[in-house]
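Single-structure report; data block below.
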There are 4 protein chains.
Amino acid sequence: MGMIGGGKDAFIGAIHRIAANMDGQIEFCCGALSIHPDIAKESGKMLFIPEDRTYLSYEEMITKESAMPADKRIDFITIVTPNFAHFAPAMMALDNGFNVVIEKPMTFTIEEAKELKKKVDETGLILCLTHTYSGYPMVKQARAMMQEGKLGKIRKIYVEYPQGWLSKLSEREGNAQASWRTDPKKSGKAGAMGDIGTHAAHLAEYISGLKITKLCADLNIVVPGRALDDDGAILLKFEKEASGVLIATQVAAGEENALSIRIYGEKGGIEWRQHEPNTLLVRWLDEPAQILRAGANYTNVLSSFATHNCRTPGGHPEGYLEAFGNIYRNFAQTLLAKLAGETPTKEMLDFPGAEDGVRGMAFIESAVASGNSTEKWTDFIV
Amino acid sequence: MGMIGGGKDAFIGAIHRIAANMDGQIEFCCGALSIHPDIAKESGKMLFIPEDRTYLSYEEMITKESAMPADKRIDFITIVTPNFAHFAPAMMALDNGFNVVIEKPMTFTIEEAKELKKKVDETGLILCLTHTYSGYPMVKQARAMMQEGKLGKIRKIYVEYPQGWLSKLSEREGNAQASWRTDPKKSGKAGAMGDIGTHAAHLAEYISGLKITKLCADLNIVVPGRALDDDGAILLKFEKEASGVLIATQVAAGEENALSIRIYGEKGGIEWRQHEPNTLLVRWLDEPAQILRAGANYTNVLSSFATHNCRTPGGHPEGYLEAFGNIYRNFAQTLLAKLAGETPTKEMLDFPGAEDGVRGMAFIESAVASGNSTEKWTDFIV
Amino acid sequence: MGMIGGGKDAFIGAIHRIAANMDGQIEFCCGALSIHPDIAKESGKMLFIPEDRTYLSYEEMITKESAMPADKRIDFITIVTPNFAHFAPAMMALDNGFNVVIEKPMTFTIEEAKELKKKVDETGLILCLTHTYSGYPMVKQARAMMQEGKLGKIRKIYVEYPQGWLSKLSEREGNAQASWRTDPKKSGKAGAMGDIGTHAAHLAEYISGLKITKLCADLNIVVPGRALDDDGAILLKFEKEASGVLIATQVAAGEENALSIRIYGEKGGIEWRQHEPNTLLVRWLDEPAQILRAGANYTNVLSSFATHNCRTPGGHPEGYLEAFGNIYRNFAQTLLAKLAGETPTKEMLDFPGAEDGVRGMAFIESAVASGNSTEKWTDFIV
Amino acid sequence: MGMIGGGKDAFIGAIHRIAANMDGQIEFCCGALSIHPDIAKESGKMLFIPEDRTYLSYEEMITKESAMPADKRIDFITIVTPNFAHFAPAMMALDNGFNVVIEKPMTFTIEEAKELKKKVDETGLILCLTHTYSGYPMVKQARAMMQEGKLGKIRKIYVEYPQGWLSKLSEREGNAQASWRTDPKKSGKAGAMGDIGTHAAHLAEYISGLKITKLCADLNIVVPGRALDDDGAILLKFEKEASGVLIATQVAAGEENALSIRIYGEKGGIEWRQHEPNTLLVRWLDEPAQILRAGANYTNVLSSFATHNCRTPGGHPEGYLEAFGNIYRNFAQTLLAKLAGETPTKEMLDFPGAEDGVRGMAFIESAVASGNSTEKWTDFIV
């Protein structure tokens, strides 16, 4: 693995490294960790990267790594720069034969997203998009139950993602995370909807297996002085007559990272909360609700997708880093299988990719368009 | 107290009686408990009502009770008939000098609601509307904290009311509650939005102290064969730049009566869940969240409105019936004070009335209008 | 109903009145509400008791009521005085043909308890002991599941009752409740073990259906200056090889009234917490845990004992007062059936009586004996 | 790092590897992974260990690694064999200058434990004992609050560790974990008390800062056919007049790994539950309870010991593997500091060591002695 972005003090780069390290299957070999040479070098040192593979730009990294012999060269590149700097290194990486892991949202614009997907399709390389929350075992359990029809036809999907960390104008107080995320030049057309709304939308579609078809968005700038939405709510229509609500806000003072989803079908419903991710609550129409727990050794309850993504028995809580690690592990297992000429299992192949990235960008486009419209419903157009 | 409606097998009538009995201040003296004479008589017997005060119509009851001497005559009449049969007995009761307790929604149409409010204003009599959930002590605590500005300027209001009991076409299977509630002739213009959406809207306005100004509604008939909405979600705009979301659905399979509300201000937020009503979760921007508990003996934390509406010390859970009882008790205390020529305290006066009833009907009107509109926003017009 | 004790400012008297009033089946007719004549009279007035039935001593009340004609005379007497003043009025009431409701612990000493039970047996009258927590529907559900063998042979019983209200020497600061409860002359041999340990022991035996056979107690006076235990823990042996732990403390600072119980059998376990009493958590060996909810309309899950003791559908939380009310209602239904010459149902008959009272006193005796012993195990002797 | 034990299919070996890998500071270089040569070799291959450092016995590994040049040789050895096979490799490792990480309980007997501690003291090498649960940030927060006196003088300590996985005689059904843990020859004098009771006792002493002085144990073999206790409860006395209860059972059917602890002082109490480890509930005598969350950015609430052991901001749940990783990370940071001639910070030094190991073994000895005694109290003797 080589990493672009993610120098010291970056949030998500450190997370990617823990996720990649965790299972002992991925070696962190090189990096272009910062556009500031000093930070790049210092970060490389801290991370035990050899000096000669500590690069000062992604171009240098991709060029030099390409020139290395196959058995020494990295197999994939992880891109953890701010949104506006995803596309160019991703394209160059693919052009040079490297598989890619990329932080969401996949690109800055939907046009870039489509172009990148086209490149992935052409090259046959693997692009993995780190929609972390789809890596949780009980999210996969929920999806499996939906696909098996356990809850009957899906009727309602409520997904919400309240955070409170932008309740004040923190971007003016030296908060680097807040700074680029609230800057349209670095973040893109949307603020909260791009940063966390895309996670919520992805989770809704991933678990339900249904695509959003129409939306009606109320996007707000709650904290005066901002250029991008820091809050929003969207009424949703899905395929097959399902409907729902998506809430994404970063001004819910006191909330941490309280992503949650509830989906109801004819026969029952599921509820999953990211703060307690090892539990899936399943309600039934005429029976008591059940508490499904990750890692538990029930007889014939947990899907292979859930068990494949656990490392410990029930009662040993796994968390955000393990969910992130699952995406890396599934990507790595798929890559290893491919390199070995084997067919990856369906459980390995279950990680987000370029198609999800395009839908994510389309979600941002549609949400912003609807937010600006006086019409009630706006089509979700990819 | 005399009761109109609420014969044996009626749900809400029995609830009203427990609520009224609980504190030993209200005597149940007479009733016109059913339009079916047999049921009316049998119900009267079961409820220990003297035969000569077991009436066969509300007209008979009001006429005969009016004719009784002041010291024997009832002081107020409780109306627990289906929605379409609220207005006429309420008007007749007021016209004959009786105070009135009335189940929500107050009337069948908004015109009736306005006329009834006018009558209340003219007569100076008391009308109490049983929006039960505003009777909970921790709801009152939340309201008090808002009014005192503890959470700063209010930004977001999320209220939801998921139920699952109409997930099937129960009205065709002999469920009497389902039957009238899904019948436009008995229930009114709205189904779920009238039955439970009005509770949610009232709770949001009651706690926040802010009025809804605009709404954007998606109302659905999820279960085929119904004539009225059994599901809906509404984007809301409130006074003073607050905004929010209201969800009301009766097809969330497996949900009981899961009314909940979250309100966020600049400094923190509150969360209250009806299923565990003695707890109010208070989040703070830079401090740990707090768990406020009804009846607890904190130093200077609980408002007089919260403590006035508790009967037991902390850890002795009070519930739905006590919340209902609080509305009756406050109404009764206000009435007793008035009869005694005294001024009721502000805590006693804190129960819903005709104004809330008019706003409830306006909410139904506006929600249905918005549901039918292709425009995003519809004004909330009273 | 006539009441002995429970004048204004008394805690448990007010609770008894609400519980008795709630269902409209019991009329509060007379009282000897205080040994202070002024308080007795004032309390009678506040509670709408006729002046001629507001008595100044229990002897006066029992004597005068006995002399009244059968159709005017009360059917039963409720005794809510401090522990030391239970026995005498209870004996006199029974001797004069009145049924009795009595606050727990039943008497001051075990000798009194046995004598009282003997009197009950001789007279054939009904004695109801208000072990409130056995009145909750989900407690009854747990008991029913045990009796039906749903969880297999019972192995472990953990019951705990932490409170924090005696963390300070409140009895020296004018707290009337603390004052008599910490006074050996009014409370009896035990403090916390008598006040709340007896509830815990009763709950354990009631749900499990197993009797305690041996105990090993560690009783402590944590707050210096007290004469009675304010804290304790007991290792327990039950019939049929079950064992367990009982914790009762009144110095767990910050705890309210956090009675809870967990019982495990070969096939699964139950957990019930008084603070959220409408939920019964049921764990299974190889299946997901289930959340059973009071009032829910499952297919064939809730026992008739659970449904008989609910007043509302699922999601309308009932609490402490309803649990108390259930004891009164079952007692009253049993009494009415008896007066009508009918056979009460097994659900009606399910309220604590003299036998439970004797075991409660034996528990206190045994716990104190064990607390004073250097032997590990002390027999539970009745 | 070199590993002794932990071949494929071993539970705890895999956990140790993830924990060690996670932060990219520890390289897994060699192993004597099984006493079965085939498994040792196969496991080495799976774990990317070079063939020439895949050893077939711990003696071979220690001998050969000692002979390597300092810059290639491992710095420490992790021992994850069953209890009976801890002592010999640990002694040999220390004798050859290797630091040691060792799974708990430290040894098979208390004599071994004392000898091992002596060796650690003599060599000046570091021994790290993986009492995982002390690695959680909110456990460290609880400890810090105790040490700062935030809760006043400690009065009560309740720690419990219910599991259900030995509810059946699984050791006869091919469960390898169950097999050695229930075998006195491999596990030691105690079953449940050794396996999980030691964790509970360590947690109680670690958080409270108080040492156990006396105990009164009830140890049981609940499932017939076992040779060691699978269940137990212990009354505890601590230094400074604190007392408490410890429950450890592996027959609580349906329980996972539900370690929890509550400690009450004069001013309030803490509660921590391993299943939701990012939350610390803090109760106060006269104020609402607070919910402290790992990673949250409160003003002056979280201790440096809590923040040092977090990798992510609030709302990104960390779990069992991160807690385990914290022990490795603190050990590694201490080791690196030492190697660099620097002084480790107090936060780095905060991991369990030989002293904890001796106390753990003494706990097992004392618990078994008390279990066999008819005296109520047995001294805790080290």
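By order of appearance in the structure tokens: chains A, B, ..., then residues from 1 within every chain, and ligands from 1 in the order shown.
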
Region 15-29 of chain A environment, 7 Å, only C-alpha atoms, sequence neighbours closer than 2 positions dropped, as a list in words: Met1, Gly2, Phe11, Ile12, Gly13, Ile49, Leu321, Glu322, Phe324, Gly325 and Tyr328 of chain A; Ile18, Asn21, Met22, Asp23 and Gly24 of chain D

Export, as a CSV table (one decimal), in the first residue's frame, the selected residues with C-alpha atoms.
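Written out: result.csv:
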chain,number,residue,atom,x,y,z
A,1,MET,CA,0.0,0.0,0.0
A,2,GLY,CA,1.0,3.5,-0.8
A,11,PHE,CA,-7.7,12.6,10.7
A,12,ILE,CA,-8.8,10.2,8.1
A,13,GLY,CA,-5.3,9.1,7.0
A,49,ILE,CA,8.5,4.5,5.7
A,321,LEU,CA,-11.9,0.8,13.2
A,322,GLU,CA,-12.9,-2.8,12.6
A,324,PHE,CA,-13.1,0.3,8.4
A,325,GLY,CA,-10.8,-2.6,8.5
A,328,TYR,CA,-9.8,-3.0,3.6
D,18,ILE,CA,-4.5,-7.7,15.8
D,21,ASN,CA,-0.5,-4.8,14.5
D,22,MET,CA,-3.1,-2.1,14.9
D,23,ASP,CA,-0.9,0.9,15.5
D,24,GLY,CA,1.9,0.0,13.1

How close does chain C get to chain B? List, as a tab-separated table, each residue of chain C within 6 Å, its nearest atom pair and the distance in Å to one decimal, counting only C-alpha atoms.
residue	atom	partner	partner_atom	distance
C:Ile18	CA	B:Met22	CA	5.3
C:Asn21	CA	B:Met22	CA	5.4
C:Met22	CA	B:Met22	CA	4.5
C:Asp23	CA	B:Ile18	CA	5.8
C:Glu256	CA	B:Gly315	CA	4.8
C:Asn257	CA	B:Gly315	CA	4.6
C:His275	CA	B:Gly315	CA	5.9
C:Gly314	CA	B:Glu256	CA	5.7
C:Gly315	CA	B:Asn257	CA	4.6
C:His316	CA	B:Tyr320	CA	5.4
C:Pro317	CA	B:Gly319	CA	4.8
C:Glu318	CA	B:Gly319	CA	4.8
C:Gly319	CA	B:Pro317	CA	4.8
C:Tyr320	CA	B:Pro317	CA	5.4

Filtering to all heavy atoms, could you give me those residues as a short mmCIF file (atom, residue, chain, number, x, y, z; two decimals), in the first residue's frame?
data_model
loop_
_atom_site.label_atom_id
_atom_site.label_comp_id
_atom_site.auth_asym_id
_atom_site.auth_seq_id
_atom_site.Cartn_x
_atom_site.Cartn_y
_atom_site.Cartn_z
N ILE C 18 -53.87 6.56 45.84
CA ILE C 18 -53.91 6.61 44.37
C ILE C 18 -54.15 5.21 43.81
O ILE C 18 -54.97 5.00 42.93
CB ILE C 18 -52.59 7.18 43.80
CG1 ILE C 18 -52.40 8.64 44.25
CG2 ILE C 18 -52.57 7.08 42.28
CD1 ILE C 18 -51.04 9.23 43.87
N ASN C 21 -57.72 4.22 44.38
CA ASN C 21 -58.68 5.03 43.61
C ASN C 21 -58.73 4.67 42.13
O ASN C 21 -59.78 4.75 41.48
CB ASN C 21 -58.25 6.51 43.64
CG ASN C 21 -58.78 7.24 44.85
OD1 ASN C 21 -59.83 6.89 45.37
ND2 ASN C 21 -58.04 8.25 45.29
N MET C 22 -57.58 4.36 41.62
CA MET C 22 -57.33 4.31 40.18
C MET C 22 -58.42 3.65 39.35
O MET C 22 -58.82 4.16 38.31
CB MET C 22 -56.00 3.56 40.00
CG MET C 22 -55.51 3.51 38.59
SD MET C 22 -53.88 2.74 38.62
CE MET C 22 -52.88 4.11 39.25
N ASP C 23 -58.89 2.51 39.82
CA ASP C 23 -59.78 1.74 38.96
C ASP C 23 -61.27 1.94 39.26
O ASP C 23 -62.11 1.23 38.70
CB ASP C 23 -59.38 0.27 39.02
CG ASP C 23 -57.99 0.06 38.45
OD1 ASP C 23 -57.80 0.39 37.27
OD2 ASP C 23 -57.09 -0.39 39.18
N GLU C 256 -31.56 5.75 42.38
CA GLU C 256 -32.91 6.07 42.82
C GLU C 256 -33.54 4.85 43.52
O GLU C 256 -33.42 4.69 44.72
CB GLU C 256 -33.73 6.52 41.61
CG GLU C 256 -33.16 7.82 41.02
CD GLU C 256 -33.91 8.30 39.80
OE1 GLU C 256 -34.65 7.50 39.20
OE2 GLU C 256 -33.75 9.48 39.45
N ASN C 257 -34.15 4.03 42.74
CA ASN C 257 -34.93 2.93 43.31
C ASN C 257 -34.75 1.75 42.36
O ASN C 257 -35.69 1.17 41.85
CB ASN C 257 -36.40 3.37 43.38
CG ASN C 257 -37.22 2.49 44.29
OD1 ASN C 257 -36.76 2.11 45.38
ND2 ASN C 257 -38.41 2.15 43.86
N HIS C 275 -36.94 0.41 36.94
CA HIS C 275 -36.98 1.75 36.36
C HIS C 275 -37.60 1.76 34.96
O HIS C 275 -38.09 2.80 34.51
CB HIS C 275 -35.57 2.36 36.30
CG HIS C 275 -35.09 2.90 37.61
ND1 HIS C 275 -34.01 3.73 37.73
CD2 HIS C 275 -35.55 2.74 38.88
CE1 HIS C 275 -33.82 4.05 38.99
NE2 HIS C 275 -34.73 3.46 39.72
N GLY C 314 -49.65 -1.82 24.41
CA GLY C 314 -48.20 -1.64 24.38
C GLY C 314 -47.80 -0.22 24.03
O GLY C 314 -48.44 0.44 23.20
N GLY C 315 -46.77 0.26 24.67
CA GLY C 315 -46.26 1.60 24.34
C GLY C 315 -46.91 2.71 25.13
O GLY C 315 -46.62 3.88 24.90
N HIS C 316 -47.80 2.35 26.02
CA HIS C 316 -48.39 3.34 26.93
C HIS C 316 -47.88 2.98 28.32
O HIS C 316 -48.53 2.21 29.05
CB HIS C 316 -49.92 3.28 26.88
CG HIS C 316 -50.47 3.62 25.53
ND1 HIS C 316 -50.44 2.72 24.49
CD2 HIS C 316 -51.02 4.76 25.04
CE1 HIS C 316 -50.96 3.31 23.42
NE2 HIS C 316 -51.34 4.53 23.72
N PRO C 317 -46.71 3.49 28.67
CA PRO C 317 -46.03 2.99 29.86
C PRO C 317 -46.88 3.06 31.13
O PRO C 317 -47.44 4.09 31.45
CB PRO C 317 -44.79 3.88 29.97
CG PRO C 317 -44.96 5.00 29.02
CD PRO C 317 -45.93 4.56 27.99
N GLU C 318 -46.97 1.91 31.80
CA GLU C 318 -47.57 1.91 33.13
C GLU C 318 -46.42 1.81 34.13
O GLU C 318 -45.33 1.39 33.80
CB GLU C 318 -48.54 0.73 33.28
CG GLU C 318 -49.65 0.82 32.24
CD GLU C 318 -50.81 -0.13 32.49
OE1 GLU C 318 -51.14 -0.39 33.65
OE2 GLU C 318 -51.38 -0.60 31.49
N GLY C 319 -46.66 2.27 35.36
CA GLY C 319 -45.54 2.39 36.27
C GLY C 319 -45.84 1.86 37.65
O GLY C 319 -46.65 0.94 37.85
N TYR C 320 -45.16 2.45 38.59
CA TYR C 320 -45.22 2.06 39.98
C TYR C 320 -46.64 2.12 40.54
O TYR C 320 -47.09 1.22 41.25
CB TYR C 320 -44.29 2.98 40.76
CG TYR C 320 -44.27 2.80 42.25
CD1 TYR C 320 -43.51 1.80 42.84
CD2 TYR C 320 -44.98 3.66 43.08
CE1 TYR C 320 -43.47 1.64 44.21
CE2 TYR C 320 -44.95 3.51 44.46
CZ TYR C 320 -44.19 2.50 45.02
OH TYR C 320 -44.15 2.36 46.39
#

Which of region 15-243 of chain B fall in helix (DSSP H, G or I), as a count of residues only: 103

Distance query region 193-204 of chain A at most 10 Å, only C-alpha atoms, self and fewer than 6 positions along chain excluded, as a ChimeraX atom specification: /A:83,104-105,108,130-134,139,143,157-163,181-182,187,210-212,219,228-234,236,238,244-250,257,259-263,352,356-357,359-365,367-368

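Reported to one decimal place, the separation of CA of Ile77 (chain A) from CA of Tyr206 (chain A) is 24.9 Å.
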
Contacts of Met3 (chain C) within 10 Å, only C-alpha atoms, excl. fewer than 2 positions in-chain, as a list in words: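 The neighbour list is Met1, Gly5, Gly6, Gly7, Gly13, His16, Arg17, Phe28, Cys29, Cys30, Gly31, Ala32, Leu33, Ser34, Thr54, Tyr55, Tyr58, Met61, Phe76, Ile77, Thr78, Ile79, Val80, Thr81, Val100, Val101 and Ile102 of chain C.
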
Long-range neighbours of Glu347 (chain B) as a VMD selection string, 12 Å cut-off, only C-alpha atoms, 2 positions minimum in chain: chain B and resid 135 137 140 to 141 144 303 to 310 326 to 327 329 to 331 333 to 334 343 to 345 349 to 351

Generate a file of the selected residues that holds N, CA and C atoms, formatted as a CSV table (one decimal), in the first residue's frame.
chain,number,residue,atom,x,y,z
B,135,GLY,N,-48.6,16.2,29.2
B,135,GLY,CA,-48.8,16.1,30.7
B,135,GLY,C,-47.6,15.4,31.4
B,137,PRO,N,-44.1,15.0,33.2
B,137,PRO,CA,-43.3,15.9,33.9
B,137,PRO,C,-42.0,16.3,33.1
B,140,LYS,N,-42.6,18.8,30.5
B,140,LYS,CA,-42.7,20.1,31.1
B,140,LYS,C,-41.3,20.6,31.4
B,141,GLN,N,-40.4,19.7,31.9
B,141,GLN,CA,-39.1,20.1,32.2
B,141,GLN,C,-38.4,20.7,30.9
B,144,ALA,N,-39.7,24.0,30.1
B,144,ALA,CA,-39.1,25.0,31.0
B,144,ALA,C,-37.7,25.4,30.7
B,303,SER,N,-37.7,22.1,37.2
B,303,SER,CA,-38.6,23.2,37.2
B,303,SER,C,-39.8,22.9,38.1
B,304,SER,N,-40.5,23.9,38.5
B,304,SER,CA,-41.7,23.7,39.3
B,304,SER,C,-42.8,23.1,38.5
B,305,PHE,N,-42.7,23.2,37.2
B,305,PHE,CA,-43.7,22.6,36.3
B,305,PHE,C,-43.5,21.1,36.3
B,306,ALA,N,-42.2,20.7,36.4
B,306,ALA,CA,-41.9,19.2,36.4
B,306,ALA,C,-42.3,18.6,37.7
B,307,THR,N,-42.0,19.3,38.8
B,307,THR,CA,-42.3,18.7,40.1
B,307,THR,C,-43.8,18.7,40.5
B,308,HIS,N,-44.4,19.7,40.0
B,308,HIS,CA,-45.9,19.8,40.2
B,308,HIS,C,-46.6,18.6,39.6
B,309,ASN,N,-46.0,18.1,38.6
B,309,ASN,CA,-46.7,17.0,37.8
B,309,ASN,C,-46.2,15.6,38.1
B,310,CYS,N,-45.5,15.5,39.3
B,310,CYS,CA,-45.1,14.2,39.8
B,310,CYS,C,-45.8,13.8,41.0
B,326,ASN,N,-52.4,14.0,35.0
B,326,ASN,CA,-51.9,15.4,35.2
B,326,ASN,C,-52.8,16.4,34.5
B,327,ILE,N,-53.2,16.1,33.3
B,327,ILE,CA,-54.1,17.0,32.6
B,327,ILE,C,-55.4,17.2,33.3
B,329,ARG,N,-55.9,16.6,36.5
B,329,ARG,CA,-55.6,17.2,37.8
B,329,ARG,C,-55.4,18.7,37.7
B,330,ASN,N,-54.7,19.1,36.7
B,330,ASN,CA,-54.5,20.6,36.5
B,330,ASN,C,-55.8,21.3,36.1
B,331,PHE,N,-56.5,20.6,35.3
B,331,PHE,CA,-57.8,21.2,34.9
B,331,PHE,C,-58.7,21.3,36.2
B,333,GLN,N,-57.8,21.4,39.3
B,333,GLN,CA,-57.3,22.4,40.3
B,333,GLN,C,-57.7,23.8,39.8
B,334,THR,N,-57.6,24.0,38.5
B,334,THR,CA,-57.9,25.3,38.0
B,334,THR,C,-59.4,25.5,38.2
B,343,THR,N,-57.1,32.4,42.5
B,343,THR,CA,-56.3,32.4,41.2
B,343,THR,C,-55.5,31.1,41.1
B,344,PRO,N,-55.7,30.4,40.1
B,344,PRO,CA,-54.9,29.2,39.9
B,344,PRO,C,-53.5,29.6,39.7
B,345,THR,N,-52.6,28.7,40.1
B,345,THR,CA,-51.1,28.9,39.8
B,345,THR,C,-50.8,28.7,38.4
B,349,LEU,N,-52.5,26.0,35.5
B,349,LEU,CA,-53.1,26.5,34.3
B,349,LEU,C,-52.4,25.8,33.1
B,350,ASP,N,-51.4,25.1,33.3
B,350,ASP,CA,-50.6,24.5,32.2
B,350,ASP,C,-51.2,23.2,31.7
B,351,PHE,N,-52.4,23.3,31.0
B,351,PHE,CA,-53.0,22.2,30.3
B,351,PHE,C,-53.5,22.7,28.9

Proximity to Lys153 (chain B) - best of A:Ala88, A:Asp379, A:Asp95, A:Val223, only C-alpha atoms: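 Residue with the minimum atom-to-atom distance to Lys153 (chain B): A:Val223.
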
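Taking CA of Glu205 (chain B) and CA of Ile221 (chain B) as endpoints, the distance between them is 26.2 Å.
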
C:Trp377, C:Arg283, C:Lys346, C:Ala340 ranked by distance to Lys237 (chain C), top pick (using only C-alpha atoms):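 Closest candidate: C:Trp377.
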
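When only C-alpha atoms are used to measure the gap to Gly188 (chain B), the shortest distance among B:Ala176, B:Ala289, B:Leu56, B:Met106 belongs to B:Met106.
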
Atom-to-atom span, CA of His86 (chain C) and CA of Ala113 (chain C), Å: 9.8 Å
